[in-house]
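First the structure, in the form of structure tokens, and then the observations on it.
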Amino acid sequence: MAETPHETSPERGHSDDLEAELRRAVGGEVRFDTYTRHMFATDASMYQITPLGVTYPRDADDVVAVVETARRFGTPVLPRGAGTSHCGQTVGEAVVLDFSRYMNRVLEVSPDERRARVQPGLVQDELNQAAAPHGLFFAPDTSTSNRATLGGMIGNNSCGSRSAAYGMTIDHVHSLEAVLADGARAHLGPADSGVIEAKAAQSGLEGHIYRELPGLAERSRAAVEDCPQTFWRRAGGYRLDRLVDGPFDLAAFTVGSEGTLTLVTEAEVALTPKPAATVMVIGHFASTTEAIAATDDAMAAGGAAIELVDNFILDLARRSPEHGHLVRKLEGEPTALLFVEFYADDTNTAEAEAGAARLEKLWRAGGHGYAAIRAADPARQQPFRALRKAGLGLLMAAGKPEERSIAFVEDTAVPPEHLAEYTTRFAEILDRRGLRAGFYGHASAGCLHVRPFMDLSQPDQVVTMREVAEEVCELALSYGGVNSSEHGDGLARSEFNERIFGPDLYQSMREVKAMFDPDRLLNPGKVVDAPPMTRNLRTPNLPTAVPLATHFDFSQHGGMRGAADRCMRIGACRKPAESGGTMCPSFMATRDEEHSTRGRANALVKALSSPDPSAALAGERVNEVLDLCLECKACKNECPMSVDMATFKSESLSAYHAEHGTPLRARIFGRIRQLNTLGSWTAPLSNLMGRIGVLRTLLQRGAGIDRRRPLPSFRRDNLIRWFRKRAPAAPDPAAGEVVFLADSFTSFTEPHIGKAAIELLEHAGWRVRMEPNLCCGRAQISKGLLTDANATARRLVDGLADDAGRGVAIVGCEPSCVATLRDEHQDLVGGDRAAAVGRQARLVEELLADALDEGRLSVADPASGETAGQDNELLFHAHCHQKAVLGTEASTRLLRHLPGTALRELDAGCCGMAGSFGFETEHYDLSMTIGGQRLFPAVHGAPEAGVCATGVSCRQQIAHGTGRQARHPVELLHEAVFGPTGGGTGSAG
């Protein structure tokens, strides 16, 4: 049975004195508060152990200081990168060193030597971006390359889909700079007899290692040669085989040691020429067995990467709104797929095309599969790569509410010639126990990723898990395979190492540990002398949640705690900005676990597991953890489990206000519609607030609205006045009616956008009815004013439900408002009427793009002049809520109708403005940092291009950060239809 993780009063070394000594000794940050410790109590595994404290070293001197201080207190230390380990390597009762926060740089790239020097917290994608201009990359390509750190890859001996061609991390490490258990620094790398002799003459731990390790390796020769686990794709145990069969190289020897022998502070790694061209073949099969049987031909044809996806995952993809369109690109309904890649050394794909042709010929001759798609260009390959990489996310989201896809047998590997039979017998082990699981992985390396769905809160399921682990281990060994082929040992597999390696070799490994770490202070309990795999499990020890009344409906997941605990801790929210996507903007800027979606979810689970969750939710520490969430909602889309931190923050703010009172600034922004209405009716006098320095200073002091941020200008000629006075165009009875949402900004600060939208809708035949008095409540939701937001949302639903029931489209220009109807209202108001309104809510671009496609709206070709016949670049930046909830397809489809325009949709993440966030004094600098990571450089880098953005916040941020005026898509379409000055008034500013 599982044991309760230590939360307080651990047995060793946790004291105020330890924390105080670390603060004195370490230049980086030191945190011992309970929330930080809880955030680092879990990783991407099924385990939870609360650490003693967390440090963020800035350099190797800090690492030495942590080790020396912890050693004086007899306290273990534990190195950690992204915390994406599946086996529990990065949790323990120790002082954690988070290398990802500060020690995350590329120190040097030497293209001539094809080498790089890096710090351990560097993310793999960042290294590849630095190497790319030289045509190089770091070849052990993990599926988590957008957050996995080099230190973690070295610790686990990681690899990925191309391992059959490029090997594992151990094959690409030249040397390491490390701190030993006694606090001494050491250079680890190949050593000849002279170096060994000189090192052995030294005092201290390093000298002891050089004196004793060569002899231990020689004494272990027979055990190494007799070891049954000899398959090359091995990520477990200590690599005595490397010392026995090769040169004395402590760098290679310590790769895969999971921080139990040394702490790496710098690495020199090999870079590999990047293939200039890739051709992919996607084989379609009627069964997984048939697909695996076709692997031999793929290898014989020279496939560098061969990936398997089975029907379990394909079925999940077919039912997924996000991935369904990917499956539709396949031929028929395959039960299994093989993705095979061929590489060419130059941009001429002939070499790769020849390999693909050989494979297709072999498959036809052997009767393997019923179809094969060949994709030779990156654009054609992209959807197939996305489908292949979707496996883990689909599995995580597919279980019943009480289940998780559990990582404990997920990367066994056997020689590929045995893979088909091994897979069949593996499936039988699960079937006998009624367990469901998807099979996918690296067929070329004989590696399977299998994560059965289990409910570990049930004691019998914990017993079943152990039984499956033991049987699968024995099965893999019986085929000459390995129990871990890329994810290491950790807490899940170390217990089995004596069985795997045999008693003699295992004893040698225990001697290695004692030699490098005589006081057992470096990540103890991993690789050797480990606890049972069922100890320290997270789920069985989660206390029963106390019922909590909330404004949003979290009942689908058993309450707010259950919704927060959906986070699987895989760290997809920890991408650096350079890796693309939007989640999580504040983490991208700070690199602080506390500001990742995962960190916040962990904090919420802790608060909501307390005896008084309402009080904990209203606490200062939770408020601090959630403060830098920009509520961009990217996590709802990019997190595999759709952990919606924006909604959690709103609910938490509501609890905080109930306890502490609602701040003035929250009341101001929460009533933005009333303020904008008043500002419009009193313009231009109201605009003086934004222009007079003294007034801005008073506004900053009194309400915390930063004086550096320009305020929007109110328009007296607002949209509502214009709509009432204008003469509408005659509608087309066949087109029907639309309801136009007059949002707070399109109405009062940017009415020209609303005018353009309405004129275009009418020109396309619709009869437009405006709703000037209904508000979605977006600002109230963002500020945690949820009682008010509920009333506001109900008024809107009541006002529009009958129209929605008749199929009338409800359209708006501001993505955050339309998204609120689709998203938050469903859990804030709920019921059939809110659902009907949500279904009918549309961005105005969707209707206009349809009208363009159908010919009911047309643009004039440029007859002559500067734009004639040219492709003028247009940069398009979509609002975060649009990307997360609505999608960008309608906007881009509309923009592609503009004549003479070359559209480039930016992957620039969040603009950083996030509604009121960028106005707030304490958030202004972070807001500008986020905008400056990708968005501002993209705009600055295309000075001749037009700039287009759908969100009012985005347009404000672009104007402030770049001096460029971004325009809404409907403005551009209005000009294309009516001309810059003719046909309507929509473009008038």
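By convention here, the chains of the structure tokens are called A, B, ... in the order presented, each chain's residues are numbered starting at 1, and ligands are numbered starting at 1 in the order presented.
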
- prompt: Residues of region 334-576 of chain A in helix (DSSP H, G or I) according to DSSP, as a PyMOL selection string?
  reply: chain A and resi 350-366+378-389+391-398+416-431+443-445+459-478+490-501+503-516+539-541+555-557+560-564+572-574

Tell me, counting only C-alpha atoms, for each residue of region 441-530 of chain A within 8 Å of region 61-79 of chain A, which pair of atoms is nearest and how far apart they are in Å to one decimal, in rows ordered by chain and increasing number, as JSON lines.
{"residue": "A:Asp519", "atom": "CA", "partner": "A:Gly74", "partner_atom": "CA", "distance": 7.9}
{"residue": "A:Arg520", "atom": "CA", "partner": "A:Pro76", "partner_atom": "CA", "distance": 7.2}
{"residue": "A:Leu521", "atom": "CA", "partner": "A:Pro76", "partner_atom": "CA", "distance": 4.0}
{"residue": "A:Leu522", "atom": "CA", "partner": "A:Val77", "partner_atom": "CA", "distance": 5.4}
{"residue": "A:Asn523", "atom": "CA", "partner": "A:Leu78", "partner_atom": "CA", "distance": 4.9}
{"residue": "A:Pro524", "atom": "CA", "partner": "A:Pro76", "partner_atom": "CA", "distance": 7.3}

- request: Quick one: everything within 8 Å of Leu542 (chain A), counting only C-alpha atoms, minus sequence neighbours fewer than 3 positions away in the same chain. Send it as a PyMOL selection string.
  value: chain A and resi 538-539+609

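Among the candidates A:Pro712, A:Gly367, A:Pro401, A:Pro383, the residue lying nearest to Glu322 (chain A) is A:Pro383 (atoms considered: only C-alpha atoms).
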
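Every protein, DNA or RNA residue with an atom at most 7 Å from Arg707 (chain A), where only C-alpha atoms count and chain neighbours fewer than 3 positions away do not, is listed here: Arg696, Thr697 and Gln700 of chain A.
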
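Here the strand (DSSP E or B) residues in region 717-912 of chain A, by DSSP on the backbone, are Glu737, Val738, Val739, Phe740, Leu741, Arg767, Val768, Arg769, Met770, Glu771, Ala809, Ile810, Val811, Gly812, Ala841, Arg842, Leu843, Asn872, Glu873, Leu874, Leu875, Phe876, His877, Thr901, Ala902, Leu903, Arg904 and Glu905 of chain A.
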
Pull N, CA and C atoms from the residues just selected and write them as an mmCIF file, in the first residue's frame.
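Okay, again20.cif is ready:
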data_model
loop_
_atom_site.group_PDB
_atom_site.id
_atom_site.type_symbol
_atom_site.label_atom_id
_atom_site.label_comp_id
_atom_site.auth_asym_id
_atom_site.auth_seq_id
_atom_site.Cartn_x
_atom_site.Cartn_y
_atom_site.Cartn_z
ATOM 1 N N GLU A 737 -31.707 37.210 -40.540
ATOM 2 C CA GLU A 737 -31.405 38.233 -39.545
ATOM 3 C C GLU A 737 -30.190 37.832 -38.727
ATOM 4 N N VAL A 738 -29.452 38.822 -38.268
ATOM 5 C CA VAL A 738 -28.380 38.582 -37.301
ATOM 6 C C VAL A 738 -28.545 39.583 -36.167
ATOM 7 N N VAL A 739 -28.118 39.175 -35.003
ATOM 8 C CA VAL A 739 -28.067 40.071 -33.849
ATOM 9 C C VAL A 739 -26.613 40.492 -33.667
ATOM 10 N N PHE A 740 -26.380 41.793 -33.618
ATOM 11 C CA PHE A 740 -25.027 42.319 -33.465
ATOM 12 C C PHE A 740 -24.802 42.732 -32.019
ATOM 13 N N LEU A 741 -23.755 42.141 -31.398
ATOM 14 C CA LEU A 741 -23.399 42.480 -30.016
ATOM 15 C C LEU A 741 -22.583 43.760 -30.010
ATOM 16 N N ARG A 767 -30.295 41.299 -42.405
ATOM 17 C CA ARG A 767 -30.925 42.363 -41.625
ATOM 18 C C ARG A 767 -30.290 42.350 -40.241
ATOM 19 N N VAL A 768 -29.684 43.456 -39.872
ATOM 20 C CA VAL A 768 -28.901 43.523 -38.633
ATOM 21 C C VAL A 768 -29.732 44.197 -37.548
ATOM 22 N N ARG A 769 -29.828 43.534 -36.420
ATOM 23 C CA ARG A 769 -30.442 44.112 -35.234
ATOM 24 C C ARG A 769 -29.382 44.261 -34.149
ATOM 25 N N MET A 770 -29.239 45.425 -33.625
ATOM 26 C CA MET A 770 -28.232 45.654 -32.591
ATOM 27 C C MET A 770 -28.822 45.442 -31.213
ATOM 28 N N GLU A 771 -27.996 44.911 -30.321
ATOM 29 C CA GLU A 771 -28.354 44.790 -28.906
ATOM 30 C C GLU A 771 -27.441 45.725 -28.116
ATOM 31 N N ALA A 809 -28.139 34.051 -35.929
ATOM 32 C CA ALA A 809 -26.732 34.172 -35.550
ATOM 33 C C ALA A 809 -26.549 35.384 -34.651
ATOM 34 N N ILE A 810 -25.734 35.233 -33.620
ATOM 35 C CA ILE A 810 -25.389 36.306 -32.694
ATOM 36 C C ILE A 810 -23.924 36.619 -32.939
ATOM 37 N N VAL A 811 -23.630 37.792 -33.493
ATOM 38 C CA VAL A 811 -22.280 38.063 -33.971
ATOM 39 C C VAL A 811 -21.664 39.227 -33.225
ATOM 40 N N GLY A 812 -20.347 39.211 -33.157
ATOM 41 C CA GLY A 812 -19.610 40.286 -32.528
ATOM 42 C C GLY A 812 -18.250 40.426 -33.151
ATOM 43 N N ALA A 841 -23.405 31.902 -31.169
ATOM 44 C CA ALA A 841 -22.434 32.988 -31.073
ATOM 45 C C ALA A 841 -21.350 32.810 -32.133
ATOM 46 N N ARG A 842 -21.095 33.858 -32.891
ATOM 47 C CA ARG A 842 -20.132 33.807 -33.985
ATOM 48 C C ARG A 842 -19.294 35.077 -34.008
ATOM 49 N N LEU A 843 -18.059 34.932 -34.420
ATOM 50 C CA LEU A 843 -17.314 36.113 -34.830
ATOM 51 C C LEU A 843 -17.908 36.619 -36.130
ATOM 52 N N ASN A 872 1.211 42.096 -51.103
ATOM 53 C CA ASN A 872 1.594 42.937 -49.979
ATOM 54 C C ASN A 872 1.402 42.154 -48.699
ATOM 55 N N GLU A 873 2.466 41.997 -47.928
ATOM 56 C CA GLU A 873 2.394 41.153 -46.737
ATOM 57 C C GLU A 873 1.489 41.769 -45.691
ATOM 58 N N LEU A 874 0.693 40.914 -45.085
ATOM 59 C CA LEU A 874 -0.192 41.312 -43.995
ATOM 60 C C LEU A 874 0.057 40.388 -42.817
ATOM 61 N N LEU A 875 0.473 40.961 -41.697
ATOM 62 C CA LEU A 875 0.684 40.182 -40.477
ATOM 63 C C LEU A 875 -0.629 40.103 -39.717
ATOM 64 N N PHE A 876 -1.000 38.913 -39.304
ATOM 65 C CA PHE A 876 -2.246 38.734 -38.557
ATOM 66 C C PHE A 876 -1.948 38.153 -37.196
ATOM 67 N N HIS A 877 -2.389 38.867 -36.154
ATOM 68 C CA HIS A 877 -2.256 38.396 -34.768
ATOM 69 C C HIS A 877 -3.648 38.206 -34.190
ATOM 70 N N THR A 901 -2.854 40.428 -51.352
ATOM 71 C CA THR A 901 -2.391 40.296 -49.961
ATOM 72 C C THR A 901 -1.751 38.937 -49.734
ATOM 73 N N ALA A 902 -0.556 38.934 -49.174
ATOM 74 C CA ALA A 902 0.111 37.711 -48.735
ATOM 75 C C ALA A 902 -0.010 37.642 -47.223
ATOM 76 N N LEU A 903 -0.857 36.759 -46.728
ATOM 77 C CA LEU A 903 -1.162 36.704 -45.304
ATOM 78 C C LEU A 903 -0.126 35.881 -44.551
ATOM 79 N N ARG A 904 0.314 36.414 -43.421
ATOM 80 C CA ARG A 904 1.183 35.648 -42.519
ATOM 81 C C ARG A 904 0.567 35.684 -41.130
ATOM 82 N N GLU A 905 0.042 34.546 -40.685
ATOM 83 C CA GLU A 905 -0.526 34.451 -39.348
ATOM 84 C C GLU A 905 0.609 34.254 -38.356
#

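Closest to Ala476 (chain A) among A:Ser610, A:Gln124, A:Thr412, A:Ser652 is A:Thr412, based on only C-alpha atoms.
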
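Between CA of Asp431 (chain A) and CA of Glu471 (chain A) the interatomic distance comes to 12.9 Å.
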
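Shortest atom-to-atom contact with Ala616 (chain A) among A:Lys526, A:Gly167, A:Ala291, A:Tyr35: A:Tyr35, counting only C-alpha atoms.
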
query: Got a sec: who's within 9 Å of Leu935 (chain A), counting only C-alpha atoms, leaving out chain neighbours fewer than 4 positions off, as a list in words?
result: His877, Leu906, Asp907, Ala908, Gly909, Cys910, Cys911, Ile930, Gly931, Val939, His940 and Ile958 of chain A

Can you write out the residues you just picked, keeping C-alpha atoms, as a PDB file, in the first residue's frame?
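The file below, out.pdb, is the result:
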ATOM      1  CA  HIS A 877      -2.256  38.396 -34.768  1.00  0.00           C
ATOM      2  CA  LEU A 906       1.829  35.130 -36.465  1.00  0.00           C
ATOM      3  CA  ASP A 907       2.610  32.516 -33.845  1.00  0.00           C
ATOM      4  CA  ALA A 908       3.408  35.321 -31.435  1.00  0.00           C
ATOM      5  CA  GLY A 909       1.727  33.995 -28.308  1.00  0.00           C
ATOM      6  CA  CYS A 910      -0.099  36.393 -26.034  1.00  0.00           C
ATOM      7  CA  CYS A 911       0.365  40.101 -26.742  1.00  0.00           C
ATOM      8  CA  ILE A 930       5.645  39.333 -22.927  1.00  0.00           C
ATOM      9  CA  GLY A 931       4.865  41.509 -25.932  1.00  0.00           C
ATOM     10  CA  VAL A 939       6.032  43.598 -36.253  1.00  0.00           C
ATOM     11  CA  HIS A 940       9.372  45.437 -36.203  1.00  0.00           C
ATOM     12  CA  ILE A 958       0.865  46.726 -30.727  1.00  0.00           C
TER      13      ILE A 958
END

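Between CA of Phe587 (chain A) and CA of Lys575 (chain A) the interatomic distance comes to 8.1 Å.
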
message: I'd like to know which of A:Ile570, A:Leu785, A:Cys954, A:Met588 is closest to Gly88 (chain A), using only C-alpha atoms.
response: A:Ile570

Contact residues around region 232-245 of chain A with only C-alpha atoms at 7 Å, ignoring same-chain residues under 6 positions, as a JSON list (two decimals) with C-alpha atoms, in the first residue's frame:
[["chain", "number", "residue", "atom", "x", "y", "z"],
["A", 156, "ASN", "CA", 17.49, 10.04, -17.86],
["A", 157, "ASN", "CA", 19.52, 9.18, -21.00],
["A", 217, "ALA", "CA", 34.59, -2.02, -13.28],
["A", 218, "GLU", "CA", 37.07, -4.83, -13.85],
["A", 221, "ARG", "CA", 33.23, -7.62, -16.05],
["A", 224, "VAL", "CA", 28.25, -7.23, -17.13],
["A", 253, "PHE", "CA", 29.19, 6.59, -17.25],
["A", 256, "GLY", "CA", 21.36, 8.18, -17.04],
["A", 257, "SER", "CA", 22.27, 8.24, -13.34],
["A", 482, "VAL", "CA", 14.74, -3.63, -21.43],
["A", 484, "SER", "CA", 13.10, 1.23, -19.51],
["A", 485, "SER", "CA", 14.20, 2.44, -22.90],
["A", 486, "GLU", "CA", 14.04, 6.23, -22.55],
["A", 487, "HIS", "CA", 12.36, 7.36, -19.33],
["A", 488, "GLY", "CA", 14.76, 5.95, -16.76],
["A", 489, "ASP", "CA", 14.23, 4.16, -13.45],
["A", 497, "ASN", "CA", 16.80, -3.41, -10.96],
["A", 509, "MET", "CA", 25.84, -0.67, -8.81],
["A", 527, "VAL", "CA", 18.41, 3.39, -9.31]]

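If you look at CA of Arg451 (chain A) and CA of Lys633 (chain A), they are 27.8 Å away from each other.
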
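Distances to Glu266 (chain A) were evaluated for A:Ala60, A:Ala445, A:Leu205, A:Ala530 using only C-alpha atoms, and the minimum falls at A:Ala60.
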
Write out as a PDB file with N, CA and C atoms, in the first residue's frame which residues come within 9 Å of Gly838 (chain A) when counting only C-alpha atoms, dropping same-chain ones fewer than 5 positions away.
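So part.pdb came out as:
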ATOM      1  N   ALA A 804     -31.752  32.821 -30.463  1.00  0.00           N
ATOM      2  CA  ALA A 804     -30.887  31.662 -30.671  1.00  0.00           C
ATOM      3  C   ALA A 804     -31.702  30.421 -30.982  1.00  0.00           C
ATOM      4  N   ILE A 810     -25.734  35.233 -33.620  1.00  0.00           N
ATOM      5  CA  ILE A 810     -25.389  36.306 -32.694  1.00  0.00           C
ATOM      6  C   ILE A 810     -23.924  36.619 -32.939  1.00  0.00           C
ATOM      7  N   VAL A 818     -17.403  37.243 -27.710  1.00  0.00           N
ATOM      8  CA  VAL A 818     -18.038  36.091 -28.353  1.00  0.00           C
ATOM      9  C   VAL A 818     -17.631  34.806 -27.637  1.00  0.00           C
ATOM     10  N   ALA A 819     -16.347  34.700 -27.274  1.00  0.00           N
ATOM     11  CA  ALA A 819     -15.864  33.501 -26.573  1.00  0.00           C
ATOM     12  C   ALA A 819     -16.543  33.339 -25.220  1.00  0.00           C
ATOM     13  N   THR A 820     -16.878  34.435 -24.551  1.00  0.00           N
ATOM     14  CA  THR A 820     -17.542  34.348 -23.254  1.00  0.00           C
ATOM     15  C   THR A 820     -18.902  33.680 -23.381  1.00  0.00           C
ATOM     16  N   LEU A 821     -19.621  33.998 -24.459  1.00  0.00           N
ATOM     17  CA  LEU A 821     -20.915  33.348 -24.682  1.00  0.00           C
ATOM     18  C   LEU A 821     -20.746  31.863 -24.928  1.00  0.00           C
ATOM     19  N   ARG A 822     -19.705  31.506 -25.651  1.00  0.00           N
ATOM     20  CA  ARG A 822     -19.467  30.102 -25.973  1.00  0.00           C
ATOM     21  C   ARG A 822     -18.954  29.323 -24.765  1.00  0.00           C
ATOM     22  N   ASP A 823     -18.183  29.987 -23.924  1.00  0.00           N
ATOM     23  CA  ASP A 823     -17.415  29.272 -22.898  1.00  0.00           C
ATOM     24  C   ASP A 823     -17.930  29.534 -21.490  1.00  0.00           C
ATOM     25  N   HIS A 825     -20.194  31.327 -20.057  1.00  0.00           N
ATOM     26  CA  HIS A 825     -21.628  31.317 -19.756  1.00  0.00           C
ATOM     27  C   HIS A 825     -22.170  29.905 -19.562  1.00  0.00           C
ATOM     28  N   GLN A 826     -21.512  28.930 -20.165  1.00  0.00           N
ATOM     29  CA  GLN A 826     -22.017  27.561 -20.064  1.00  0.00           C
ATOM     30  C   GLN A 826     -21.841  27.006 -18.656  1.00  0.00           C
ATOM     31  N   ARG A 833     -30.855  27.230 -22.407  1.00  0.00           N
ATOM     32  CA  ARG A 833     -30.921  28.543 -23.047  1.00  0.00           C
ATOM     33  C   ARG A 833     -29.517  29.120 -23.251  1.00  0.00           C
TER      34      ARG A 833
END
